[in-house]
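Asks: This is protein-v7.tsv, which holds TSV, C-alpha atoms:
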chain	number	residue	atom	x	y	z
A	71	MET	CA	0.00	0.00	0.00
A	72	LYS	CA	2.85	2.36	0.86
A	73	LYS	CA	4.47	1.60	-2.49
A	74	VAL	CA	1.23	2.39	-4.34
A	75	THR	CA	0.84	5.67	-2.45
A	76	ARG	CA	4.47	6.55	-3.21
A	77	ASN	CA	3.95	5.91	-6.94
A	78	LEU	CA	0.81	8.03	-7.04
A	79	PHE	CA	2.59	10.84	-5.19
A	80	ILE	CA	5.53	10.75	-7.63
A	81	LEU	CA	3.16	10.71	-10.60
A	82	LEU	CA	1.14	13.67	-9.29
A	83	CYS	CA	4.34	15.62	-8.54
A	84	GLY	CA	5.59	15.01	-12.07
A	85	ILE	CA	2.28	16.12	-13.58
A	86	GLY	CA	2.11	19.17	-11.28
A	87	ILE	CA	5.65	20.36	-12.02
A	88	SER	CA	5.10	19.87	-15.74
A	89	ASN	CA	1.81	21.83	-15.63
A	90	VAL	CA	3.32	24.73	-13.68
A	91	GLY	CA	6.19	24.84	-16.16
A	92	SER	CA	3.73	24.82	-19.06
A	93	TRP	CA	1.97	27.93	-17.72
A	94	ILE	CA	5.31	29.71	-17.26
A	95	TYR	CA	6.32	28.70	-20.80
A	96	HIS	CA	2.95	29.74	-22.26
A	97	ILE	CA	2.98	33.23	-20.74
A	98	ALA	CA	6.68	33.81	-21.42
A	99	LEU	CA	6.38	32.73	-25.05
A	100	ASN	CA	3.41	35.04	-25.61
A	101	LEU	CA	5.42	37.97	-24.27
A	102	ILE	CA	8.47	37.08	-26.36
A	103	ILE	CA	6.40	36.92	-29.55
A	104	LEU	CA	4.58	40.16	-28.70
A	105	ASP	CA	7.85	41.98	-27.90
A	106	ARG	CA	9.47	40.85	-31.14
A	107	THR	CA	6.56	41.52	-33.48
A	108	GLY	CA	4.22	43.93	-31.69
A	109	SER	CA	1.42	41.98	-33.34
A	110	ALA	CA	-1.51	40.37	-31.53
A	111	LEU	CA	-2.10	38.29	-34.67
A	112	ALA	CA	1.33	36.73	-34.26
A	113	VAL	CA	0.36	35.67	-30.72
A	114	ILE	CA	-2.94	34.20	-31.97
A	115	GLY	CA	-0.86	32.08	-34.34
A	116	LEU	CA	0.55	30.27	-31.30
A	117	TYR	CA	-2.94	29.10	-30.31
A	118	LEU	CA	-3.50	27.49	-33.70
A	119	LEU	CA	-0.28	25.47	-33.43
A	120	LYS	CA	-1.67	23.14	-30.75
A	121	PRO	CA	-4.61	21.70	-32.75
A	122	LEU	CA	-2.38	21.76	-35.85
A	123	ALA	CA	0.20	19.63	-34.01
A	124	ILE	CA	-2.52	17.12	-33.12
A	125	LEU	CA	-3.51	16.91	-36.79
A	126	PHE	CA	0.11	16.14	-37.71
A	127	THR	CA	0.62	13.42	-35.08
A	128	ASN	CA	-2.53	11.78	-33.81
A	129	GLY	CA	-3.48	9.99	-37.01
A	130	TRP	CA	-0.50	7.65	-36.55
A	131	SER	CA	0.96	8.14	-33.05
A	132	GLY	CA	-1.59	5.89	-31.34
A	133	SER	CA	-0.23	2.91	-33.29
A	134	LEU	CA	3.21	3.55	-31.81
A	135	ILE	CA	1.92	4.30	-28.32
A	136	ASP	CA	0.07	0.99	-27.98
A	137	ARG	CA	3.11	-0.95	-29.18
A	138	MET	CA	5.80	0.86	-27.18
A	139	ASN	CA	6.81	0.89	-23.53
A	140	LYS	CA	4.74	3.75	-22.09
A	141	ARG	CA	7.13	4.72	-19.29
A	142	ARG	CA	10.14	4.88	-21.63
A	143	LEU	CA	8.16	6.87	-24.16
A	144	MET	CA	7.03	9.38	-21.50
A	145	ILE	CA	10.62	9.87	-20.32
A	146	GLY	CA	11.93	10.19	-23.89
A	147	LEU	CA	9.29	12.73	-24.84
A	148	THR	CA	9.98	14.92	-21.77
A	149	ILE	CA	13.74	14.92	-22.43
A	150	PHE	CA	13.17	15.75	-26.10
A	151	GLU	CA	10.70	18.52	-25.22
A	152	ALA	CA	13.12	20.05	-22.70
A	153	GLY	CA	15.88	20.09	-25.32
A	154	VAL	CA	13.71	21.84	-27.92
A	155	ILE	CA	12.43	24.38	-25.37
A	156	THR	CA	16.02	25.27	-24.47
A	157	CYS	CA	16.63	26.23	-28.12
A	158	LEU	CA	13.76	28.73	-28.33
A	159	PRO	CA	15.56	31.84	-26.93
A	160	PHE	CA	18.32	31.47	-29.55
A	161	ILE	CA	15.96	31.52	-32.56
A	162	GLY	CA	15.69	34.85	-34.38
A	163	SER	CA	13.24	34.01	-37.18
A	164	LEU	CA	9.56	34.07	-36.24
A	165	TRP	CA	8.68	31.27	-38.66
A	166	ILE	CA	11.48	29.04	-37.40
A	167	LEU	CA	10.27	29.77	-33.86
A	168	TYR	CA	6.77	28.70	-34.88
A	169	GLY	CA	8.29	25.52	-36.30
A	170	PHE	CA	10.03	24.69	-33.01
A	171	VAL	CA	6.86	25.44	-31.02
A	172	LEU	CA	4.94	23.16	-33.40
A	173	VAL	CA	7.42	20.37	-32.68
A	174	ILE	CA	7.00	20.93	-28.91
A	175	ASN	CA	3.23	20.75	-29.30
A	176	MET	CA	3.58	17.57	-31.36
A	177	ALA	CA	5.59	15.97	-28.55
A	178	SER	CA	2.89	17.06	-26.07
A	179	SER	CA	0.12	15.66	-28.26
A	180	VAL	CA	1.87	12.26	-28.21
A	181	PHE	CA	2.59	12.50	-24.48
A	182	HIS	CA	-1.05	12.99	-23.44
A	183	PRO	CA	-2.48	9.66	-24.73
A	184	THR	CA	0.72	7.91	-23.63
A	185	SER	CA	0.36	9.16	-20.06
A	186	MET	CA	-3.36	8.37	-20.04
A	187	THR	CA	-2.61	4.76	-21.00
A	188	TYR	CA	0.21	4.48	-18.46
A	189	ILE	CA	-1.97	5.90	-15.66
A	190	THR	CA	-4.73	3.43	-16.52
A	191	LYS	CA	-2.26	0.53	-16.30
A	192	LEU	CA	-0.70	1.81	-13.08
A	193	ILE	CA	-3.83	2.62	-11.09
A	194	SER	CA	-6.46	0.07	-10.14
A	195	ARG	CA	-10.04	0.61	-11.25
A	196	ASN	CA	-11.22	1.37	-7.71
A	197	GLU	CA	-8.62	4.12	-7.25
A	198	ARG	CA	-8.97	5.92	-10.58
A	199	LYS	CA	-11.74	8.33	-9.61
A	200	ARG	CA	-9.90	9.40	-6.47
A	201	PHE	CA	-6.68	9.87	-8.42
A	202	ASN	CA	-8.43	11.87	-11.17
A	203	ALA	CA	-10.05	14.10	-8.55
A	204	VAL	CA	-6.67	14.82	-6.94
A	205	ARG	CA	-5.16	15.31	-10.38
A	206	SER	CA	-7.82	17.94	-11.13
A	207	LEU	CA	-6.78	19.68	-7.91
A	208	VAL	CA	-3.12	19.58	-9.02
A	209	ASP	CA	-4.06	20.97	-12.44
A	210	SER	CA	-6.08	23.73	-10.78
A	211	GLY	CA	-3.19	24.58	-8.49
A	212	ALA	CA	-0.93	24.85	-11.53
A	213	PHE	CA	-3.40	27.28	-13.12
A	214	VAL	CA	-3.04	29.56	-10.09
A	215	ILE	CA	0.63	28.96	-9.19
A	216	GLY	CA	2.04	28.95	-12.74
A	217	PRO	CA	1.07	32.51	-13.73
A	218	ALA	CA	2.04	33.75	-10.25
A	219	ILE	CA	5.53	32.25	-10.58
A	220	ALA	CA	5.78	33.63	-14.13
A	221	GLY	CA	4.93	37.12	-12.85
A	222	LEU	CA	7.58	36.82	-10.14
A	223	LEU	CA	10.18	35.65	-12.65
A	224	PHE	CA	9.38	38.59	-14.93
A	225	MET	CA	9.96	40.93	-11.98
A	226	ILE	CA	13.44	39.55	-11.24
A	227	GLY	CA	14.40	38.40	-14.73
A	228	THR	CA	13.15	38.17	-18.30
A	229	PRO	CA	10.76	35.94	-20.27
A	230	ILE	CA	13.82	34.19	-21.69
A	231	ASP	CA	14.90	33.23	-18.16
A	232	ALA	CA	11.41	31.81	-17.64
A	233	ILE	CA	11.79	29.67	-20.78
A	234	PHE	CA	14.98	28.12	-19.39
A	235	ILE	CA	13.31	27.48	-16.03
A	236	ASN	CA	10.46	25.71	-17.81
A	237	ALA	CA	12.95	23.48	-19.64
A	238	ALA	CA	14.45	22.57	-16.26
A	239	ALA	CA	10.97	21.84	-14.87
A	240	VAL	CA	10.24	19.49	-17.77
A	241	LEU	CA	13.52	17.66	-17.09
A	242	VAL	CA	12.62	17.32	-13.41
A	243	ALA	CA	9.25	15.87	-14.40
A	244	GLY	CA	11.04	13.38	-16.66
A	245	GLY	CA	13.28	12.40	-13.75
A	246	LEU	CA	10.23	11.75	-11.58
A	247	PHE	CA	8.69	9.59	-14.31
A	248	TYR	CA	11.92	7.56	-14.27
A	249	LEU	CA	11.22	6.69	-10.62
A	250	LEU	CA	7.84	5.19	-11.50
A	251	PRO	CA	7.45	1.42	-11.97
A	252	ASP	CA	7.62	-0.13	-15.41
A	253	VAL	CA	4.11	-1.55	-15.71
A	254	GLU	CA	5.07	-3.33	-18.93
A	255	ARG	CA	8.14	-5.00	-17.39
A	256	GLY	CA	10.57	-3.07	-19.52
A	257	LYS	CA	9.49	-4.75	-22.74
A	258	MET	CA	9.35	-3.02	-26.10
A	259	THR	CA	6.79	-4.84	-28.20
A	260	THR	CA	8.37	-6.46	-31.23
A	261	ARG	CA	5.91	-4.83	-33.62
A	262	ALA	CA	6.79	-1.34	-32.36
A	263	SER	CA	9.18	-0.52	-35.16
A	264	GLY	CA	9.80	-3.29	-37.67
A	265	ASN	CA	6.21	-3.74	-38.81
A	266	PHE	CA	5.07	-0.12	-38.60
A	267	SER	CA	3.70	0.76	-42.03
A	268	LEU	CA	0.66	2.14	-43.82
A	269	ALA	CA	-0.89	-1.33	-43.65
A	270	THR	CA	-0.42	-1.30	-39.88
A	271	LEU	CA	-2.11	2.09	-39.66
A	272	GLN	CA	-5.04	0.90	-41.76
A	273	GLU	CA	-5.39	-2.17	-39.55
A	274	ASP	CA	-5.41	0.02	-36.45
A	275	TRP	CA	-7.95	2.44	-37.91
A	276	ARG	CA	-10.22	-0.54	-38.60
A	277	ALA	CA	-9.77	-1.71	-35.00
A	278	VAL	CA	-10.86	1.71	-33.74
A	279	TYR	CA	-13.82	1.67	-36.12
A	280	HIS	CA	-14.93	-1.77	-34.93
A	281	PHE	CA	-14.58	-0.75	-31.29
A	282	SER	CA	-16.62	2.39	-31.95
A	283	ARG	CA	-19.41	0.32	-33.54
A	284	ARG	CA	-19.49	-2.32	-30.82
A	285	SER	CA	-19.22	0.23	-28.01
A	286	SER	CA	-21.45	2.91	-29.49
A	287	TYR	CA	-22.68	4.06	-26.07
A	288	VAL	CA	-19.13	4.75	-24.89
A	289	MET	CA	-18.08	6.56	-28.04
A	290	ILE	CA	-21.27	8.66	-28.30
A	291	ILE	CA	-20.63	9.85	-24.74
A	292	TYR	CA	-17.01	10.56	-25.76
A	293	SER	CA	-18.23	12.49	-28.80
A	294	PHE	CA	-20.67	14.62	-26.82
A	295	PHE	CA	-17.95	15.47	-24.32
A	296	SER	CA	-15.52	16.34	-27.12
A	297	ALA	CA	-18.15	18.56	-28.74
A	298	VAL	CA	-18.54	20.52	-25.51
A	299	THR	CA	-14.75	20.87	-25.30
A	300	VAL	CA	-14.49	22.03	-28.92
A	301	MET	CA	-17.08	24.75	-28.33
A	302	THR	CA	-15.14	26.04	-25.30
A	303	TRP	CA	-12.13	26.52	-27.58
A	304	GLY	CA	-14.23	28.53	-30.02
A	305	VAL	CA	-15.68	30.82	-27.33
A	306	ASP	CA	-12.34	31.14	-25.50
A	307	SER	CA	-10.64	32.32	-28.69
A	308	LEU	CA	-12.79	35.49	-28.49
A	309	GLU	CA	-12.79	35.84	-24.70
A	310	ALA	CA	-10.26	38.68	-24.51
A	311	ALA	CA	-11.86	40.56	-27.41
A	312	PHE	CA	-15.30	40.14	-25.83
A	313	ALA	CA	-14.12	41.41	-22.45
A	314	LYS	CA	-12.28	44.41	-23.88
A	315	GLU	CA	-14.46	45.45	-26.82
A	316	VAL	CA	-17.97	44.43	-25.73
A	317	LEU	CA	-17.88	44.66	-21.94
A	318	LEU	CA	-15.37	47.52	-22.16
A	319	LEU	CA	-13.31	46.19	-19.25
A	320	THR	CA	-10.06	47.86	-18.30
A	321	ASN	CA	-6.83	45.84	-18.11
A	322	THR	CA	-7.18	45.78	-14.31
A	323	GLU	CA	-10.77	44.51	-14.49
A	324	TYR	CA	-9.81	41.87	-17.05
A	325	GLY	CA	-6.96	40.75	-14.80
A	326	PHE	CA	-9.40	40.46	-11.91
A	327	LEU	CA	-11.73	38.42	-14.12
A	328	VAL	CA	-8.90	35.96	-14.75
A	329	SER	CA	-8.30	35.81	-10.98
A	330	VAL	CA	-12.00	35.02	-10.43
A	331	ALA	CA	-11.65	32.16	-12.89
A	332	GLY	CA	-8.62	30.89	-10.99
A	333	ALA	CA	-10.54	31.01	-7.71
A	334	GLY	CA	-13.42	29.10	-9.29
A	335	ILE	CA	-11.12	26.40	-10.64
A	336	LEU	CA	-9.35	25.98	-7.30
A	337	LEU	CA	-12.53	25.91	-5.18
A	338	GLY	CA	-14.24	23.52	-7.59
A	339	ALA	CA	-11.25	21.18	-7.52
A	340	ILE	CA	-11.15	21.18	-3.70
A	341	ILE	CA	-14.86	20.36	-3.40
A	342	ASN	CA	-14.52	17.79	-6.18
A	343	THR	CA	-11.92	15.84	-4.20
A	344	LEU	CA	-14.38	15.69	-1.28
A	345	VAL	CA	-17.49	14.56	-3.18
A	346	ALA	CA	-16.12	12.61	-6.17
A	347	ARG	CA	-16.11	9.30	-4.28
A	348	VAL	CA	-19.88	9.38	-3.67
A	349	LEU	CA	-20.89	10.54	-7.17
A	350	SER	CA	-20.81	8.45	-10.34
A	351	ASP	CA	-18.40	9.36	-13.10
A	352	SER	CA	-21.35	9.87	-15.49
A	353	TRP	CA	-23.03	12.29	-13.08
A	354	LEU	CA	-19.79	14.23	-12.55
A	355	MET	CA	-19.23	14.50	-16.29
A	356	GLY	CA	-22.82	15.27	-17.32
A	357	MET	CA	-23.65	17.81	-14.62
A	358	GLY	CA	-20.16	19.32	-14.90
A	359	ALA	CA	-20.72	19.90	-18.62
A	360	MET	CA	-24.16	21.41	-17.96
A	361	VAL	CA	-22.86	23.84	-15.34
A	362	LEU	CA	-19.92	24.72	-17.60
A	363	ALA	CA	-22.22	25.57	-20.52
A	364	CYS	CA	-24.55	27.60	-18.26
A	365	GLY	CA	-21.54	29.52	-16.94
A	366	TYR	CA	-20.44	30.33	-20.49
A	367	LEU	CA	-23.96	31.46	-21.36
A	368	VAL	CA	-24.11	33.80	-18.34
A	369	PHE	CA	-20.68	35.17	-19.25
A	370	THR	CA	-21.49	35.79	-22.92
A	371	LEU	CA	-24.94	37.31	-22.18
A	372	SER	CA	-23.59	39.58	-19.44
A	373	SER	CA	-23.63	43.34	-19.79
A	374	SER	CA	-21.71	44.18	-16.64
A	375	PHE	CA	-18.51	43.21	-14.89
A	376	THR	CA	-20.46	41.60	-12.02
A	377	LEU	CA	-22.44	39.25	-14.26
A	378	ALA	CA	-19.32	38.41	-16.27
A	379	SER	CA	-17.50	37.52	-13.04
A	380	ILE	CA	-20.35	35.25	-11.93
A	381	GLY	CA	-20.36	33.45	-15.27
A	382	CYS	CA	-16.58	33.13	-15.24
A	383	PHE	CA	-16.60	31.71	-11.72
A	384	VAL	CA	-19.37	29.19	-12.49
A	385	LEU	CA	-17.76	27.85	-15.65
A	386	SER	CA	-14.37	27.55	-13.98
A	387	PHE	CA	-15.87	25.89	-10.91
A	388	SER	CA	-17.32	23.06	-13.03
A	389	LEU	CA	-14.13	22.03	-14.81
A	390	ALA	CA	-12.75	19.69	-12.15
A	391	PHE	CA	-16.03	17.76	-11.89
A	392	MET	CA	-16.38	17.41	-15.64
A	393	ASN	CA	-12.78	16.30	-16.22
A	394	THR	CA	-12.74	13.87	-13.29
A	395	GLY	CA	-15.91	12.23	-14.57
A	396	PHE	CA	-14.65	12.00	-18.13
A	397	TYR	CA	-11.19	10.63	-17.31
A	398	THR	CA	-12.67	7.96	-15.04
A	399	PHE	CA	-15.36	7.02	-17.58
A	400	TYR	CA	-12.76	6.82	-20.34
A	401	GLN	CA	-10.29	4.73	-18.33
A	402	ASN	CA	-12.98	2.30	-17.20
A	403	ASN	CA	-14.64	1.78	-20.59
A	404	VAL	CA	-11.85	1.83	-23.18
A	405	PRO	CA	-9.55	-1.22	-23.45
A	406	VAL	CA	-6.14	-0.20	-22.18
A	407	ASP	CA	-4.28	-2.11	-24.93
A	408	VAL	CA	-5.92	0.00	-27.67
A	409	MET	CA	-6.36	3.18	-25.64
A	410	GLY	CA	-3.53	4.98	-27.45
A	411	ARG	CA	-5.06	4.36	-30.86
A	412	ILE	CA	-8.59	5.26	-29.82
A	413	GLY	CA	-7.58	8.41	-27.91
A	414	SER	CA	-5.24	9.60	-30.66
A	415	LEU	CA	-7.66	9.16	-33.54
A	416	TYR	CA	-10.55	10.79	-31.71
A	417	SER	CA	-8.24	13.64	-30.67
A	418	PHE	CA	-7.34	14.03	-34.35
A	419	VAL	CA	-11.01	14.51	-35.23
A	420	GLU	CA	-11.48	16.83	-32.25
A	421	ALA	CA	-8.54	18.99	-33.34
A	422	LEU	CA	-9.93	19.26	-36.86
A	423	PHE	CA	-13.29	20.46	-35.55
A	424	THR	CA	-11.54	22.80	-33.09
A	425	ILE	CA	-9.82	24.62	-35.94
A	426	LEU	CA	-13.08	24.81	-37.93
A	427	VAL	CA	-15.06	26.10	-34.93
A	428	MET	CA	-12.40	28.72	-34.08
A	429	LEU	CA	-12.44	29.93	-37.69
A	430	ALA	CA	-16.26	29.97	-37.72
A	431	CYS	CA	-16.37	31.99	-34.50
A	432	GLY	CA	-13.88	34.44	-35.96
A	433	VAL	CA	-15.86	34.82	-39.19
A	434	LEU	CA	-19.14	35.36	-37.29
A	435	ALA	CA	-17.43	37.96	-35.11
A	436	GLU	CA	-16.25	39.82	-38.19
A	437	LEU	CA	-19.44	39.54	-40.25
A	438	ILE	CA	-22.02	40.06	-37.49
A	439	SER	CA	-20.62	40.82	-34.03
A	440	ILE	CA	-18.44	39.39	-31.27
A	441	ARG	CA	-21.48	39.14	-28.98
A	442	PHE	CA	-23.45	37.13	-31.54
A	443	SER	CA	-20.51	34.79	-32.12
A	444	VAL	CA	-19.83	33.95	-28.45
A	445	VAL	CA	-23.53	33.65	-27.54
A	446	THR	CA	-24.10	31.31	-30.49
A	447	GLY	CA	-21.12	29.23	-29.42
A	448	SER	CA	-22.42	29.07	-25.84
A	449	VAL	CA	-25.91	28.00	-26.95
A	450	VAL	CA	-24.48	25.23	-29.15
A	451	MET	CA	-22.29	24.16	-26.22
A	452	LEU	CA	-25.36	23.99	-23.96
A	453	CYS	CA	-27.18	21.82	-26.51
A	454	PHE	CA	-24.29	19.35	-26.58
A	455	ALA	CA	-24.14	19.35	-22.77
A	456	ILE	CA	-27.88	18.60	-22.56
A	457	GLY	CA	-27.41	15.79	-25.09
A	458	LEU	CA	-24.56	14.36	-23.01
A	459	LEU	CA	-26.57	14.45	-19.79
A	460	ILE	CA	-29.68	12.91	-21.37
A	461	TYR	CA	-27.89	10.19	-23.32
A	462	GLU	CA	-25.75	8.95	-20.46
A	463	SER	CA	-28.80	8.70	-18.18
A	464	LEU	CA	-30.91	6.57	-20.54
A	465	PRO	CA	-31.33	3.11	-18.92
A	466	SER	CA	-31.77	1.48	-22.34
A	467	LYS	CA	-28.42	2.87	-23.52
A	468	ARG	CA	-26.33	2.49	-20.35
A	469	LYS	CA	-23.97	-0.45	-20.47
A	470	THR	CA	-21.28	-1.73	-18.21
A	471	SER	CA	-17.68	-1.63	-19.32
A	472	GLN	CA	-17.16	-3.71	-22.43
A	473	SER	CA	-13.40	-3.45	-22.42
A	474	ASP	CA	-12.64	-7.15	-22.05
A	475	SER	CA	-15.22	-8.47	-24.50
A	476	VAL	CA	-14.41	-5.87	-27.14
A	477	LEU	CA	-10.68	-6.30	-26.70
A	478	ASP	CA	-10.99	-10.04	-27.37
A	479	SER	CA	-12.41	-9.27	-30.80
A	480	LEU	CA	-9.70	-6.80	-31.79
A	481	ASP	CA	-6.29	-7.51	-33.25
A	482	VAL	CA	-4.09	-5.54	-30.87
Could you take the file, read its structure, and then write that structure out as structure tokens?

Replies:
Amino acid sequence: MKKVTRNLFILLCGIGISNVGSWIYHIALNLIILDRTGSALAVIGLYLLKPLAILFTNGWSGSLIDRMNKRRLMIGLTIFEAGVITCLPFIGSLWILYGFVLVINMASSVFHPTSMTYITKLISRNERKRFNAVRSLVDSGAFVIGPAIAGLLFMIGTPIDAIFINAAAVLVAGGLFYLLPDVERGKMTTRASGNFSLATLQEDWRAVYHFSRRSSYVMIIYSFFSAVTVMTWGVDSLEAAFAKEVLLLTNTEYGFLVSVAGAGILLGAIINTLVARVLSDSWLMGMGAMVLACGYLVFTLSSSFTLASIGCFVLSFSLAFMNTGFYTFYQNNVPVDVMGRIGSLYSFVEALFTILVMLACGVLAELISIRFSVVTGSVVMLCFAIGLLIYESLPSKRKTSQSDSVLDSLDV
């Protein structure tokens, strides 16, 4: 028991340090790009690189993830990412800098499904919800601590110094992952490299298709959740413009709005750790998505700073519940031996729709108004959240985990 607790503590520390470093890196990189170009459009370009990276990697990376040693891959990706981050301050060309950031995002897009699979293998079914609740608390803490540390670093140093510190944080996280047990006994599956080809990819895509057909309940729930997430990206892309140009907030008021969001995330995560054990993962996910969408609707319909703050707090408060429910549902209902392929391919589709939704929100903002765009996005989000809540509560659709029976029918 002590060994299990130690492993979970190491894993959470690695995730927490990595998340704090990511916030420092994100803020510092935005400032570096803005200082060099003076263009807000150049900064927006950074936001498009993440879904673009997923499009470049997730169509094929799942096939490697499921065939490779997850712990080794996690360590290798963190070391690689730290090395590329260290190069960023020495790059003069904006386009080359974008290229390096794209590579970093590609490594991150491979790391996420790899870590999800490793966590599922490491943690027993009965402990997953508790772990995911604590992980949400760690993520929320990073949201608050990361920007605070970044601000402190900018006071005593420069954004470039912050970039180097983030690279060191990523290396520390990789070192902590090295201390974790090898749940696959150090083996590298023989098909990991020699037989990786287009035929292998086609075989894996068919496996994901067959799983999706035979586990339609699971994948429809996944799709509804992804749709809610995609809509948050679209509305968030116009958040700053909405706050400044529609609500006419000052920089100080906007900063306070961000602080309100941080408080909501932290408080929601704390309460989530206390109640997650007694609530089902479906209830956490469905009600979390509903509250999130309602919070966005209040925020986008607001005409004053007070209403905007309430909406911001409500939507932030719900995140921990929604994510805890989804992660637990996903881990308990998707076969772990094909989890990399399923997660990667669905993330590929999600990234494609994210780019389309962000572009659509931008076009609507230009052709009609920012208010119309964000309200429309919030209403669509609410519809998907209602669909998620209704579908997962239908007794005729609810099924127990099919992981074992489905896995037996797949060539993994």

Asks: Kindly give the distance, in Å, that separates CA of Ala98 in chain A and CA of Ala220 in chain A, rounded to a single decimal.

Replies: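 Going from CA of Ala98 in chain A over to CA of Ala220 in chain A, I get 7.3 Å.
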
Asks: If we count only C-alpha atoms, what is near range 246-254 of chain A at a cut-off of 12 Å, once residues fewer than 5 positions away on the same chain are taken out, given as a PyMOL selection string?

Replies: chain A and resi 73-88+136-149+185+187-193+239-241+259+407

Asks: Pull C-alpha atoms from the residues just selected and write them as a PDB file, in the frame of the given file.

Replies:
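Full text of again.pdb as output:
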ATOM      1  CA  LYS A  73       4.470   1.600  -2.490  1.00  0.00           C
ATOM      2  CA  VAL A  74       1.230   2.390  -4.340  1.00  0.00           C
ATOM      3  CA  THR A  75       0.840   5.670  -2.450  1.00  0.00           C
ATOM      4  CA  ARG A  76       4.470   6.550  -3.210  1.00  0.00           C
ATOM      5  CA  ASN A  77       3.950   5.910  -6.940  1.00  0.00           C
ATOM      6  CA  LEU A  78       0.810   8.030  -7.040  1.00  0.00           C
ATOM      7  CA  PHE A  79       2.590  10.840  -5.190  1.00  0.00           C
ATOM      8  CA  ILE A  80       5.530  10.750  -7.630  1.00  0.00           C
ATOM      9  CA  LEU A  81       3.160  10.710 -10.600  1.00  0.00           C
ATOM     10  CA  LEU A  82       1.140  13.670  -9.290  1.00  0.00           C
ATOM     11  CA  CYS A  83       4.340  15.620  -8.540  1.00  0.00           C
ATOM     12  CA  GLY A  84       5.590  15.010 -12.070  1.00  0.00           C
ATOM     13  CA  ILE A  85       2.280  16.120 -13.580  1.00  0.00           C
ATOM     14  CA  GLY A  86       2.110  19.170 -11.280  1.00  0.00           C
ATOM     15  CA  ILE A  87       5.650  20.360 -12.020  1.00  0.00           C
ATOM     16  CA  SER A  88       5.100  19.870 -15.740  1.00  0.00           C
ATOM     17  CA  ASP A 136       0.070   0.990 -27.980  1.00  0.00           C
ATOM     18  CA  ARG A 137       3.110  -0.950 -29.180  1.00  0.00           C
ATOM     19  CA  MET A 138       5.800   0.860 -27.180  1.00  0.00           C
ATOM     20  CA  ASN A 139       6.810   0.890 -23.530  1.00  0.00           C
ATOM     21  CA  LYS A 140       4.740   3.750 -22.090  1.00  0.00           C
ATOM     22  CA  ARG A 141       7.130   4.720 -19.290  1.00  0.00           C
ATOM     23  CA  ARG A 142      10.140   4.880 -21.630  1.00  0.00           C
ATOM     24  CA  LEU A 143       8.160   6.870 -24.160  1.00  0.00           C
ATOM     25  CA  MET A 144       7.030   9.380 -21.500  1.00  0.00           C
ATOM     26  CA  ILE A 145      10.620   9.870 -20.320  1.00  0.00           C
ATOM     27  CA  GLY A 146      11.930  10.190 -23.890  1.00  0.00           C
ATOM     28  CA  LEU A 147       9.290  12.730 -24.840  1.00  0.00           C
ATOM     29  CA  THR A 148       9.980  14.920 -21.770  1.00  0.00           C
ATOM     30  CA  ILE A 149      13.740  14.920 -22.430  1.00  0.00           C
ATOM     31  CA  SER A 185       0.360   9.160 -20.060  1.00  0.00           C
ATOM     32  CA  THR A 187      -2.610   4.760 -21.000  1.00  0.00           C
ATOM     33  CA  TYR A 188       0.210   4.480 -18.460  1.00  0.00           C
ATOM     34  CA  ILE A 189      -1.970   5.900 -15.660  1.00  0.00           C
ATOM     35  CA  THR A 190      -4.730   3.430 -16.520  1.00  0.00           C
ATOM     36  CA  LYS A 191      -2.260   0.530 -16.300  1.00  0.00           C
ATOM     37  CA  LEU A 192      -0.700   1.810 -13.080  1.00  0.00           C
ATOM     38  CA  ILE A 193      -3.830   2.620 -11.090  1.00  0.00           C
ATOM     39  CA  ALA A 239      10.970  21.840 -14.870  1.00  0.00           C
ATOM     40  CA  VAL A 240      10.240  19.490 -17.770  1.00  0.00           C
ATOM     41  CA  LEU A 241      13.520  17.660 -17.090  1.00  0.00           C
ATOM     42  CA  THR A 259       6.790  -4.840 -28.200  1.00  0.00           C
ATOM     43  CA  ASP A 407      -4.280  -2.110 -24.930  1.00  0.00           C
TER      44      ASP A 407
END

Asks: Go through A:Leu371, A:Leu125, A:Cys453, A:Met186 one by one, measure the shortest atom-to-atom distance of each to Met301 in chain A using all atoms listed in the file, and give the residue with the smallest value.

Replies: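 Of A:Leu371, A:Leu125, A:Cys453, A:Met186, the one nearest Met301 in chain A is A:Cys453, counting all atoms listed in the file.
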
Asks: Figure out the distance between CA of Ser386 in chain A and CA of Leu116 in chain A, please, to one decimal in Å.

Replies: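 Value for the CA of Leu116 in chain A-CA of Ser386 in chain A distance: 23.0 Å.
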
Asks: If we count only C-alpha atoms and set the cut-off at 7 Å, which residues sit around range 428-432 of chain A, ignoring sequence neighbours fewer than 4 positions away in its own chain? Please answer as a ChimeraX atom specification.

Replies: /A:303-304,307,424,436,443

Asks: Please produce a file of the residues just selected, as a tab-separated table (two decimals), keeping the file's coordinate frame, where the atoms kept are C-alpha atoms.

Replies:
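Contents of again22.tsv, as written:
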chain	number	residue	atom	x	y	z
A	303	TRP	CA	-12.13	26.52	-27.58
A	304	GLY	CA	-14.23	28.53	-30.02
A	307	SER	CA	-10.64	32.32	-28.69
A	424	THR	CA	-11.54	22.80	-33.09
A	436	GLU	CA	-16.25	39.82	-38.19
A	443	SER	CA	-20.51	34.79	-32.12

Asks: Neighbours of Phe399 in chain A within 8 Å (all atoms listed in the file; same-chain residues fewer than 3 positions away dropped), as a list in words?

Replies: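 Here the qualifying residues turn out to be Asp351, Ser352, Gly395, Phe396, Asn402 and Asn403 of chain A.
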
Asks: Quick one: distance from CA of Thr184 in chain A to CA of Trp93 in chain A in Å, one decimal?

Replies: 20.9 Å

Asks: Counting all atoms listed in the file, figure out which residue out of A:Gly91, A:Gly447, A:Pro405, A:Gly153 gets nearest to Ile219 in chain A.

Replies: A:Gly91
